[in-house]
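Below is run_6.pdb, holding PDB, C-alpha atoms.
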```
ATOM      1  CA  MET O   1     -23.765 -35.544   9.423
ATOM      2  CA  LYS O   2     -24.069 -33.343  12.488
ATOM      3  CA  ASN O   3     -21.580 -30.977  10.827
ATOM      4  CA  LEU O   4     -24.364 -30.092   8.406
ATOM      5  CA  LEU O   5     -26.193 -28.403  11.226
ATOM      6  CA  ASN O   6     -23.394 -26.302  12.635
ATOM      7  CA  ASN O   7     -23.652 -22.566  13.158
ATOM      8  CA  ARG O   8     -22.395 -21.585   9.748
ATOM      9  CA  VAL O   9     -24.931 -23.708   7.916
ATOM     10  CA  VAL O  10     -27.799 -22.406  10.025
ATOM     11  CA  PHE O  11     -26.541 -18.865   9.521
ATOM     12  CA  GLY O  12     -26.191 -19.397   5.773
ATOM     13  CA  VAL O  13     -29.692 -20.829   5.432
ATOM     14  CA  GLY O  14     -31.098 -17.930   7.455
ATOM     15  CA  VAL O  15     -29.361 -15.388   5.229
ATOM     16  CA  ALA O  16     -30.587 -17.215   2.107
ATOM     17  CA  ILE O  17     -34.191 -17.201   3.331
ATOM     18  CA  TYR O  18     -33.926 -13.528   4.231
ATOM     19  CA  PHE O  19     -32.627 -12.582   0.790
ATOM     20  CA  LEU O  20     -35.264 -14.752  -0.856
ATOM     21  CA  ILE O  21     -37.945 -12.785   1.002
ATOM     22  CA  VAL O  22     -36.286  -9.480   0.171
ATOM     23  CA  ALA O  23     -35.842 -10.434  -3.468
ATOM     24  CA  THR O  24     -39.365 -11.711  -4.041
ATOM     25  CA  VAL O  25     -41.722  -9.632  -1.941
ATOM     26  CA  GLY O  26     -39.430  -7.030  -0.384
ATOM     27  CA  LEU O  27     -39.364  -5.902   3.229
ATOM     28  CA  PRO O  28     -39.763  -2.319   4.357
ATOM     29  CA  CYS O  29     -37.262  -1.182   6.994
ATOM     30  CA  ALA O  30     -38.873  -0.909  10.418
ATOM     31  CA  PHE O  31     -36.010   1.275  11.650
ATOM     32  CA  HIS O  32     -36.565   3.810   8.864
ATOM     33  CA  GLN O  33     -40.314   3.779   9.309
ATOM     34  CA  LEU O  34     -40.059   4.342  13.046
ATOM     35  CA  THR O  35     -37.274   6.922  13.155
ATOM     36  CA  HIS O  36     -37.263   8.340   9.609
ATOM     37  CA  LEU O  37     -33.473   8.099   9.816
ATOM     38  CA  TYR O  38     -31.248   6.513   7.196
ATOM     39  CA  CYS O  39     -29.012   3.887   8.796
ATOM     40  CA  PRO O  40     -25.570   3.238   7.263
ATOM     41  CA  GLY O  41     -26.910   0.116   5.554
ATOM     42  CA  CYS O  42     -29.944   1.855   4.058
ATOM     43  CA  GLY O  43     -29.990   1.309   0.301
ATOM     44  CA  ALA O  44     -27.505  -1.564   0.357
ATOM     45  CA  THR O  45     -30.010  -4.061  -1.000
ATOM     46  CA  ARG O  46     -31.066  -1.672  -3.770
ATOM     47  CA  ALA O  47     -27.376  -1.012  -4.508
ATOM     48  CA  THR O  48     -26.775  -4.763  -4.805
ATOM     49  CA  TRP O  49     -29.583  -5.119  -7.349
ATOM     50  CA  ALA O  50     -28.272  -2.082  -9.245
ATOM     51  CA  LEU O  51     -24.796  -3.632  -9.352
ATOM     52  CA  ILE O  52     -26.196  -6.928 -10.599
ATOM     53  CA  ARG O  53     -27.882  -5.025 -13.426
ATOM     54  CA  GLY O  54     -24.589  -3.198 -14.078
ATOM     55  CA  ASP O  55     -25.850   0.245 -13.084
ATOM     56  CA  ILE O  56     -22.897   1.493 -11.051
ATOM     57  CA  GLY O  57     -24.178   5.061 -10.921
ATOM     58  CA  LEU O  58     -27.443   4.011  -9.313
ATOM     59  CA  ALA O  59     -25.594   1.695  -6.932
ATOM     60  CA  LEU O  60     -23.378   4.576  -5.755
ATOM     61  CA  ARG O  61     -26.429   6.772  -5.385
ATOM     62  CA  ASP O  62     -28.182   4.149  -3.252
ATOM     63  CA  ASN O  63     -25.349   3.465  -0.816
ATOM     64  CA  ALA O  64     -21.886   4.782  -1.672
ATOM     65  CA  TRP O  65     -20.309   3.457   1.554
ATOM     66  CA  TYR O  66     -21.454  -0.051   0.774
ATOM     67  CA  VAL O  67     -20.229   0.020  -2.831
ATOM     68  CA  LEU O  68     -16.922   1.828  -2.256
ATOM     69  CA  LEU O  69     -15.830   0.370   1.097
ATOM     70  CA  ILE O  70     -17.892  -2.583   2.316
ATOM     71  CA  LEU O  71     -17.579  -4.617  -0.883
ATOM     72  CA  PRO O  72     -13.768  -4.108  -1.274
ATOM     73  CA  TRP O  73     -13.407  -4.766   2.447
ATOM     74  CA  VAL O  74     -15.279  -8.064   2.255
ATOM     75  CA  PHE O  75     -13.115  -8.970  -0.739
ATOM     76  CA  ALA O  76      -9.955  -8.074   1.224
ATOM     77  CA  LEU O  77     -11.119 -10.143   4.216
ATOM     78  CA  GLY O  78     -11.576 -13.145   1.957
ATOM     79  CA  LEU O  79      -8.187 -12.600   0.346
ATOM     80  CA  ALA O  80      -6.522 -12.271   3.750
ATOM     81  CA  LYS O  81      -8.203 -15.464   4.901
ATOM     82  CA  LEU O  82      -6.973 -17.302   1.813
ATOM     83  CA  THR O  83      -3.378 -16.098   2.152
ATOM     84  CA  GLU O  84      -3.332 -16.576   5.908
ATOM     85  CA  GLY O  85      -0.183 -18.313   7.006
ATOM     86  CA  LYS O  86       1.711 -17.463   3.856
ATOM     87  CA  LYS O  87       4.530 -14.957   3.721
ATOM     88  CA  SER O  88       2.768 -13.084   0.928
ATOM     89  CA  GLY O  89      -0.222 -12.644   3.219
ATOM     90  CA  GLU O  90       1.635 -10.275   5.551
ATOM     91  CA  SER O  91       1.117  -7.116   3.525
ATOM     92  CA  ILE O  92      -2.426  -8.179   2.616
ATOM     93  CA  GLY O  93      -3.133  -8.536   6.328
ATOM     94  CA  ILE O  94      -1.769  -5.055   7.060
ATOM     95  CA  TRP O  95      -3.796  -3.479   4.250
ATOM     96  CA  THR O  96      -6.933  -5.335   5.262
ATOM     97  CA  ARG O  97      -6.506  -4.003   8.769
ATOM     98  CA  LYS O  98      -6.176  -0.431   7.472
ATOM     99  CA  LEU O  99      -9.221  -0.960   5.263
ATOM    100  CA  THR O 100     -11.151  -2.233   8.281
ATOM    101  CA  TYR O 101     -10.475   1.015  10.139
ATOM    102  CA  ALA O 102     -11.239   3.148   7.079
ATOM    103  CA  THR O 103     -14.548   1.317   6.626
ATOM    104  CA  ALA O 104     -15.475   1.719  10.283
ATOM    105  CA  TYR O 105     -14.754   5.444  10.513
ATOM    106  CA  ALA O 106     -16.298   6.147   7.108
ATOM    107  CA  GLY O 107     -19.404   4.246   8.208
ATOM    108  CA  ILE O 108     -19.865   6.531  11.221
ATOM    109  CA  GLY O 109     -19.326   9.655   9.097
ATOM    110  CA  PHE O 110     -21.684   8.336   6.427
ATOM    111  CA  PHE O 111     -24.385   7.641   9.016
ATOM    112  CA  VAL O 112     -24.167  11.187  10.374
ATOM    113  CA  LEU O 113     -23.919  13.014   7.038
ATOM    114  CA  ARG O 114     -26.738  11.203   5.253
ATOM    115  CA  ASN O 115     -29.083  12.233   8.053
ATOM    116  CA  VAL O 116     -28.177  15.922   7.974
ATOM    117  CA  PRO O 117     -31.365  17.582   6.629
ATOM    118  CA  LEU O 118     -29.670  19.699   3.982
ATOM    119  CA  ALA O 119     -30.152  19.406   0.228
ATOM    120  CA  LEU O 120     -26.349  19.349   0.005
ATOM    121  CA  PHE O 121     -26.315  15.789   1.365
ATOM    122  CA  ASP O 122     -29.202  14.478  -0.710
ATOM    123  CA  PHE O 123     -26.751  12.486  -2.817
ATOM    124  CA  LEU O 124     -25.938  10.309   0.225
ATOM    125  CA  ARG O 125     -29.564   9.253   0.685
ATOM    126  CA  PRO O 126     -30.996   6.374  -1.277
ATOM    127  CA  ILE O 127     -33.632   7.137  -3.901
TER
ATOM    128  CA  MET H 128      19.546   2.944   8.894
ATOM    129  CA  GLU H 129      22.245   0.266   9.237
ATOM    130  CA  TYR H 130      22.941  -2.123  12.043
ATOM    131  CA  PHE H 131      25.686  -4.446  13.188
ATOM    132  CA  ILE H 132      24.448  -7.880  14.217
ATOM    133  CA  VAL H 133      26.126  -9.496  17.224
ATOM    134  CA  ASP H 134      25.685 -13.210  17.857
ATOM    135  CA  THR H 135      25.776 -14.926  21.237
ATOM    136  CA  ALA H 136      29.498 -15.615  20.868
ATOM    137  CA  GLY H 137      30.143 -11.896  20.417
ATOM    138  CA  ASN H 138      30.983 -12.028  16.711
ATOM    139  CA  ARG H 139      29.941  -8.892  14.864
ATOM    140  CA  TYR H 140      28.445  -8.899  11.350
ATOM    141  CA  GLY H 141      27.559  -6.046   9.045
ATOM    142  CA  PRO H 142      26.837  -3.225   8.894
ATOM    143  CA  ALA H 143      23.706  -4.214   7.064
ATOM    144  CA  ARG H 144      20.516  -2.503   5.966
ATOM    145  CA  ILE H 145      17.065  -3.626   7.167
ATOM    146  CA  ASP H 146      16.300  -5.469   3.940
ATOM    147  CA  GLU H 147      19.620  -7.308   4.128
ATOM    148  CA  ILE H 148      18.941  -8.280   7.738
ATOM    149  CA  ASN H 149      15.459  -9.486   6.775
ATOM    150  CA  ALA H 150      17.069 -11.585   4.035
ATOM    151  CA  TRP H 151      19.377 -13.094   6.658
ATOM    152  CA  VAL H 152      16.355 -13.843   8.848
ATOM    153  CA  ARG H 153      14.690 -15.659   5.951
ATOM    154  CA  GLU H 154      17.883 -17.635   5.347
ATOM    155  CA  GLY H 155      17.792 -18.691   8.976
ATOM    156  CA  ARG H 156      21.065 -16.981   9.813
ATOM    157  CA  ILE H 157      19.537 -14.781  12.478
ATOM    158  CA  ASP H 158      17.486 -15.688  15.523
ATOM    159  CA  ALA H 159      15.982 -13.814  18.439
ATOM    160  CA  SER H 160      18.957 -14.476  20.708
ATOM    161  CA  MET H 161      21.117 -12.091  18.678
ATOM    162  CA  GLN H 162      21.680  -8.439  19.399
ATOM    163  CA  ALA H 163      21.810  -5.386  17.151
ATOM    164  CA  ILE H 164      23.916  -2.221  17.317
ATOM    165  CA  GLN H 165      22.825   0.816  15.356
ATOM    166  CA  VAL H 166      25.715   2.157  13.320
ATOM    167  CA  GLY H 167      27.075   5.305  14.927
ATOM    168  CA  THR H 168      25.873   4.394  18.402
ATOM    169  CA  ALA H 169      27.222   2.125  21.094
ATOM    170  CA  LEU H 170      23.833   0.869  22.263
ATOM    171  CA  GLN H 171      23.294  -2.852  21.952
ATOM    172  CA  PHE H 172      19.739  -4.228  22.057
ATOM    173  CA  PRO H 173      17.849  -7.390  21.100
ATOM    174  CA  ILE H 174      17.288  -7.921  17.398
ATOM    175  CA  SER H 175      13.540  -8.160  17.988
ATOM    176  CA  GLN H 176      13.533  -4.465  18.908
ATOM    177  CA  VAL H 177      14.869  -3.315  15.552
ATOM    178  CA  PRO H 178      11.956  -1.653  13.721
ATOM    179  CA  GLY H 179      11.125  -3.400  10.472
ATOM    180  CA  ILE H 180      12.727  -6.735  11.244
ATOM    181  CA  PHE H 181      10.300  -9.637  10.878
ATOM    182  CA  LEU H 182      11.295 -12.510  13.112
ATOM    183  CA  PRO H 183       9.366 -15.749  12.695
ATOM    184  CA  ARG H 184       6.772 -16.118  15.389
ATOM    185  CA  HIS H 185       8.307 -19.051  17.209
ATOM    186  CA  GLN H 186      11.427 -17.025  17.848
ATOM    187  CA  VAL H 187       9.639 -14.296  19.709
ATOM    188  CA  SER H 188       8.539 -14.782  23.276
ATOM    189  CA  PRO H 189       4.928 -13.907  24.093
ATOM    190  CA  PRO H 190       4.391 -10.422  25.480
ATOM    191  CA  LEU H 191       4.879 -10.060  29.200
ATOM    192  CA  GLN H 192       1.322  -9.083  30.139
ATOM    193  CA  GLY H 193      -0.420 -10.385  27.080
ATOM    194  CA  ASN H 194      -2.617 -13.275  26.167
ATOM    195  CA  PRO H 195      -1.285 -16.684  25.278
ATOM    196  CA  PRO H 196      -0.200 -16.581  21.652
ATOM    197  CA  THR H 197      -2.733 -17.896  19.188
ATOM    198  CA  GLN H 198      -1.798 -21.085  17.522
ATOM    199  CA  GLY H 199      -0.994 -20.956  13.872
ATOM    200  CA  SER H 200       1.731 -21.344  11.367
ATOM    201  CA  GLN H 201       5.011 -19.573  11.467
ATOM    202  CA  TYR H 202       3.959 -16.385   9.710
ATOM    203  CA  GLY H 203       0.221 -16.643   9.760
ATOM    204  CA  SER H 204      -0.039 -16.261  13.466
ATOM    205  CA  GLN H 205       1.640 -12.915  13.117
ATOM    206  CA  TYR H 206      -1.800 -11.718  12.101
ATOM    207  CA  GLY H 207      -3.623 -14.117  14.346
ATOM    208  CA  SER H 208      -6.100 -16.679  13.339
ATOM    209  CA  GLN H 209      -9.529 -15.243  13.912
ATOM    210  CA  TYR H 210     -11.235 -12.121  12.677
ATOM    211  CA  GLY H 211     -10.206  -9.143  14.742
ATOM    212  CA  SER H 212      -7.226 -10.892  16.145
ATOM    213  CA  GLN H 213      -6.365 -11.764  12.593
ATOM    214  CA  TYR H 214      -5.548  -8.146  11.979
ATOM    215  CA  GLY H 215      -5.092  -7.075  15.542
ATOM    216  CA  SER H 216      -2.831  -9.640  17.036
ATOM    217  CA  GLY H 217       0.844  -9.748  16.554
ATOM    218  CA  GLN H 218       4.119  -9.848  18.266
ATOM    219  CA  SER H 219       5.323  -7.682  21.013
ATOM    220  CA  SER H 220       8.991  -7.604  21.481
ATOM    221  CA  GLN H 221      10.747  -9.979  23.756
ATOM    222  CA  TYR H 222      11.354  -7.275  26.314
ATOM    223  CA  GLY H 223       7.950  -5.803  26.893
ATOM    224  CA  ASN H 224       5.924  -3.306  24.927
ATOM    225  CA  TYR H 225       8.481  -1.633  22.753
ATOM    226  CA  PRO H 226       6.442  -0.053  19.961
ATOM    227  CA  ARG H 227       7.839  -1.826  16.945
ATOM    228  CA  ALA H 228       6.750  -0.802  13.498
ATOM    229  CA  GLN H 229       4.680  -3.969  13.155
ATOM    230  CA  ALA H 230       3.715  -4.435  16.800
ATOM    231  CA  TYR H 231      -0.044  -4.930  16.920
ATOM    232  CA  SER H 232      -2.192  -5.471  19.923
ATOM    233  CA  PRO H 233      -2.858  -9.045  20.913
ATOM    234  CA  VAL H 234      -6.372  -8.057  22.014
ATOM    235  CA  GLU H 235      -9.315  -9.153  19.899
ATOM    236  CA  ASN H 236     -11.015  -5.859  19.032
ATOM    237  CA  HIS H 237     -14.308  -7.050  17.458
ATOM    238  CA  LEU H 238     -14.062  -4.313  14.822
ATOM    239  CA  ILE H 239     -15.121  -6.619  12.001
ATOM    240  CA  LYS H 240     -18.178  -7.767  13.928
ATOM    241  CA  ALA H 241     -18.984  -4.146  14.739
ATOM    242  CA  ILE H 242     -18.927  -3.120  11.069
ATOM    243  CA  ILE H 243     -21.064  -6.060   9.969
ATOM    244  CA  VAL H 244     -23.551  -5.345  12.729
ATOM    245  CA  THR H 245     -23.714  -1.661  11.754
ATOM    246  CA  LEU H 246     -24.389  -2.586   8.159
ATOM    247  CA  CYS H 247     -26.763  -5.503   8.612
ATOM    248  CA  CYS H 248     -28.579  -4.989  11.877
ATOM    249  CA  CYS H 249     -29.295  -1.461  10.912
ATOM    250  CA  LEU H 250     -29.084   0.083  14.346
ATOM    251  CA  PRO H 251     -27.089   3.056  15.634
ATOM    252  CA  ILE H 252     -25.977   0.739  18.419
ATOM    253  CA  GLY H 253     -23.530  -0.730  15.918
ATOM    254  CA  VAL H 254     -21.862   2.684  15.707
ATOM    255  CA  VAL H 255     -21.257   2.602  19.468
ATOM    256  CA  SER H 256     -19.680  -0.805  18.992
ATOM    257  CA  ILE H 257     -17.384   0.552  16.263
ATOM    258  CA  VAL H 258     -16.285   3.418  18.497
ATOM    259  CA  TYR H 259     -15.373   1.030  21.320
ATOM    260  CA  ALA H 260     -13.694  -1.433  18.959
ATOM    261  CA  ALA H 261     -11.594   1.318  17.422
ATOM    262  CA  GLN H 262     -10.207   2.217  20.854
ATOM    263  CA  VAL H 263      -8.925  -1.257  21.629
ATOM    264  CA  ASP H 264      -5.712  -1.151  19.622
ATOM    265  CA  GLY H 265      -4.799   2.303  20.907
ATOM    266  CA  HIS H 266      -5.048   1.132  24.504
ATOM    267  CA  ALA H 267      -3.122  -2.049  23.763
ATOM    268  CA  ARG H 268      -0.378  -0.147  21.962
ATOM    269  CA  ARG H 269       0.145   1.981  25.027
ATOM    270  CA  GLY H 270       0.402  -1.221  27.056
ATOM    271  CA  ASP H 271      -2.880  -0.585  28.876
ATOM    272  CA  TYR H 272      -4.292  -4.080  28.509
ATOM    273  CA  ALA H 273      -6.934  -3.622  31.184
ATOM    274  CA  MET H 274      -8.487  -0.728  29.246
ATOM    275  CA  ALA H 275      -8.057  -2.606  25.961
ATOM    276  CA  HIS H 276      -9.923  -5.641  27.251
ATOM    277  CA  SER H 277     -12.611  -3.464  28.784
ATOM    278  CA  ALA H 278     -13.131  -1.583  25.490
ATOM    279  CA  ALA H 279     -13.172  -4.884  23.579
ATOM    280  CA  ALA H 280     -15.770  -6.286  25.983
ATOM    281  CA  SER H 281     -17.919  -3.155  25.526
ATOM    282  CA  ALA H 282     -17.621  -3.429  21.740
ATOM    283  CA  ASP H 283     -18.698  -7.050  21.871
ATOM    284  CA  LEU H 284     -21.581  -6.302  24.232
ATOM    285  CA  TRP H 285     -22.964  -3.461  22.068
ATOM    286  CA  ALA H 286     -22.549  -5.581  18.952
ATOM    287  CA  ASN H 287     -24.498  -8.422  20.561
ATOM    288  CA  TRP H 288     -27.250  -6.021  21.640
ATOM    289  CA  SER H 289     -27.366  -4.773  18.089
ATOM    290  CA  ILE H 290     -27.734  -8.309  16.775
ATOM    291  CA  GLY H 291     -30.456  -9.070  19.295
ATOM    292  CA  LEU H 292     -32.435  -5.899  18.620
ATOM    293  CA  GLY H 293     -31.862  -6.364  14.893
ATOM    294  CA  LEU H 294     -33.427  -9.812  15.064
ATOM    295  CA  VAL H 295     -36.368  -8.501  17.094
ATOM    296  CA  GLY H 296     -36.785  -5.711  14.545
ATOM    297  CA  LEU H 297     -36.667  -8.171  11.686
ATOM    298  CA  LEU H 298     -39.303 -10.309  13.369
ATOM    299  CA  CYS H 299     -41.579  -7.286  13.892
ATOM    300  CA  ASN H 300     -40.923  -6.339  10.304
ATOM    301  CA  VAL H 301     -42.053  -9.686   8.997
ATOM    302  CA  ILE H 302     -45.076  -9.840  11.296
ATOM    303  CA  LEU H 303     -46.174  -6.339  10.299
ATOM    304  CA  SER H 304     -45.503  -6.895   6.601
ATOM    305  CA  VAL H 305     -47.126 -10.270   6.073
ATOM    306  CA  PRO H 306     -50.790  -9.102   6.490
ATOM    307  CA  GLY H 307     -50.205  -6.474   3.817
ATOM    308  CA  MET H 308     -48.877  -9.069   1.423
ATOM    309  CA  LEU H 309     -51.719 -11.475   1.781
TER
END
```

Here is a file; write its structure as structure tokens.
Amino acid sequence: MKNLLNNRVVFGVGVAIYFLIVATVGLPCAFHQLTHLYCPGCGATRATWALIRGDIGLALRDNAWYVLLILPWVFALGLAKLTEGKKSGESIGIWTRKLTYATAYAGIGFFVLRNVPLALFDFLRPI
Amino acid sequence: MEYFIVDTAGNRYGPARIDEINAWVREGRIDASMQAIQVGTALQFPISQVPGIFLPRHQVSPPLQGNPPTQGSQYGSQYGSQYGSQYGSGQSSQYGNYPRAQAYSPVENHLIKAIIVTLCCCLPIGVVSIVYAAQVDGHARRGDYAMAHSAAASADLWANWSIGLGLVGLLCNVILSVPGML
């Protein structure tokens, strides 16, 4: 019974409540309002909704880093966790590790570029 | 690249290619006590130092200066058992820090946490965490474990600050937003 209240459950419930709030009433981003900067995660929620509706173009427009790297990376992490301990998991582990680095470096570059005030980089900013 | 394999009794096998040697390892015909000689040279060295040879974990001694090996199954522990160490831990060779093709750092680098924090907690502090986390493996590969642990600790610290400030921000967010909704 006490296992029901471990960290993961509490974390999961917290995330569920957060997404319920975001999905129903929506939350403006305090970081964006204060700094007028676009953080690397800006547009990720909108991209998720766009993906659910099947609008891949809009999803990419909202947050390309999230769609192209974060989602495959999360998928790879899950796959690596599932194949952990198996011989076939070795190459998956190596590729997941490379993907982790790619995601990290791309995230930094994405954060910088989407805040460069040039029309050239408008496509990196969410609508 | 072909190698002769020499067992403890001095018998010589081969020459064999890497994939053949790996097949022998899987068949259990080779263990870490054996030596290898690169064809065309006279140098004899431990089999664990041959690039591309995957010895099962229990046959490889823990690295000299490293952490205690993580527990896990025979192959799984090659990639560790938890997050960063899952993709950052691995085997060093029996004789120190020889940079094998698959030799990963045994230092937990917190890179996964750093990425999640950068995405979710929405603070540039997460970027600092990523930068520190990305340095960990480089330091460990050079054998500089003090620097590796220090970079890993910095990455973890910045990530935790990011989580903390992210939560404070979220709280402010909710408090500021709720009056407008009512």

For Pro126 (chain O): contacts at 10 Å, all atoms listed in the file, fewer than 2 positions along chain excluded, given as a PyMOL selection string: chain O and resi 38+42-44+46-47+58-64+114+122-124

Could those residues be written to a file, using C-alpha atoms, as a PDB file, in the coordinates of the input?
```pdb
ATOM      1  CA  TYR O  38     -31.248   6.513   7.196  1.00  0.00           C
ATOM      2  CA  CYS O  42     -29.944   1.855   4.058  1.00  0.00           C
ATOM      3  CA  GLY O  43     -29.990   1.309   0.301  1.00  0.00           C
ATOM      4  CA  ALA O  44     -27.505  -1.564   0.357  1.00  0.00           C
ATOM      5  CA  ARG O  46     -31.066  -1.672  -3.770  1.00  0.00           C
ATOM      6  CA  ALA O  47     -27.376  -1.012  -4.508  1.00  0.00           C
ATOM      7  CA  LEU O  58     -27.443   4.011  -9.313  1.00  0.00           C
ATOM      8  CA  ALA O  59     -25.594   1.695  -6.932  1.00  0.00           C
ATOM      9  CA  LEU O  60     -23.378   4.576  -5.755  1.00  0.00           C
ATOM     10  CA  ARG O  61     -26.429   6.772  -5.385  1.00  0.00           C
ATOM     11  CA  ASP O  62     -28.182   4.149  -3.252  1.00  0.00           C
ATOM     12  CA  ASN O  63     -25.349   3.465  -0.816  1.00  0.00           C
ATOM     13  CA  ALA O  64     -21.886   4.782  -1.672  1.00  0.00           C
ATOM     14  CA  ARG O 114     -26.738  11.203   5.253  1.00  0.00           C
ATOM     15  CA  ASP O 122     -29.202  14.478  -0.710  1.00  0.00           C
ATOM     16  CA  PHE O 123     -26.751  12.486  -2.817  1.00  0.00           C
ATOM     17  CA  LEU O 124     -25.938  10.309   0.225  1.00  0.00           C
TER      18      LEU O 124
END
```

Nearest residue to chain H from the set O:Phe11, O:Phe19, O:Tyr101, O:Phe75 (distances using all atoms listed in the file): O:Tyr101

Output check: residues returned by the PyMOL selection byres ((chain H and resi 180) around 9), as a compact mmCIF listing (two decimals) with C-alpha atoms, in the frame of the given file:
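File produced: out.txt:
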```txt
# COMPACT_ATOMS: atom_id res chain seq x y z
CA ILE H 145 17.07 -3.63 7.17
CA ASP H 146 16.30 -5.47 3.94
CA ILE H 148 18.94 -8.28 7.74
CA ASN H 149 15.46 -9.49 6.78
CA VAL H 152 16.36 -13.84 8.85
CA ILE H 174 17.29 -7.92 17.40
CA SER H 175 13.54 -8.16 17.99
CA GLN H 176 13.53 -4.46 18.91
CA VAL H 177 14.87 -3.32 15.55
CA PRO H 178 11.96 -1.65 13.72
CA GLY H 179 11.12 -3.40 10.47
CA PHE H 181 10.30 -9.64 10.88
CA LEU H 182 11.30 -12.51 13.11
CA ARG H 227 7.84 -1.83 16.94
CA ALA H 228 6.75 -0.80 13.50
CA GLN H 229 4.68 -3.97 13.16
```

Selection result of the PyMOL selection byres ((chain O and resi 18) around 12) on this file, as a PyMOL selection string: (chain O and resi 11-17+19-27+45) or (chain H and resi 247+294+297-298+300-301)

Counting all atoms listed in the file, the residue of O:Val74, O:His36, O:Ile92, O:Leu82 that sits nearest Ile242 (chain H): O:Val74

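If you look at CA of Glu235 (chain H) and CA of Pro173 (chain H), they are 27.2 Å away from each other.
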
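CA of Gly270 (chain H) is found 28.2 Å from CA of Val244 (chain H).
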
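The residues caught by the PyMOL selection byres ((chain H and resi 249-253) around 8) in this file are Phe31, Cys39, Pro40, Gly41 and Cys42 of chain O; Ala241, Ile242, Val244, Thr245, Leu246, Cys247, Cys248, Val254, Val255, Ser256, Ile257, Trp285, Ala286, Trp288, Ser289 and Gly293 of chain H.
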
Could you give me the axis-aligned bounding box of region 51-64 of chain O, with 8 Å of padding per side, as centre plus edge lengths in Å to one decimal, as lines of an AutoDock Vina configuration file?
```
center_x = -25.0
center_y = -0.1
center_z = -7.4
size_x = 22.3
size_y = 29.7
size_z = 29.3
```

Surrounding residues of Ala279 (chain H) excluding itself and chain neighbours under 5 positions, 12 Å, all atoms listed in the file, as a ChimeraX atom specification: /H:211-212,215,232-241,255-267,272-274,284-286

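Going from CA of Ala30 (chain O) to CA of Val295 (chain H) covers 10.4 Å.
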
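Between chain O and the residues H:Arg153, H:Arg139, H:Arg144, H:His276, the shortest atom-to-atom distance, using only C-alpha atoms, involves H:Arg153.
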
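Using all atoms listed in the file, the shortest contact distance between chain O and any of H:Ala280, H:Leu303, H:Val166, H:Met161 is found at H:Leu303.
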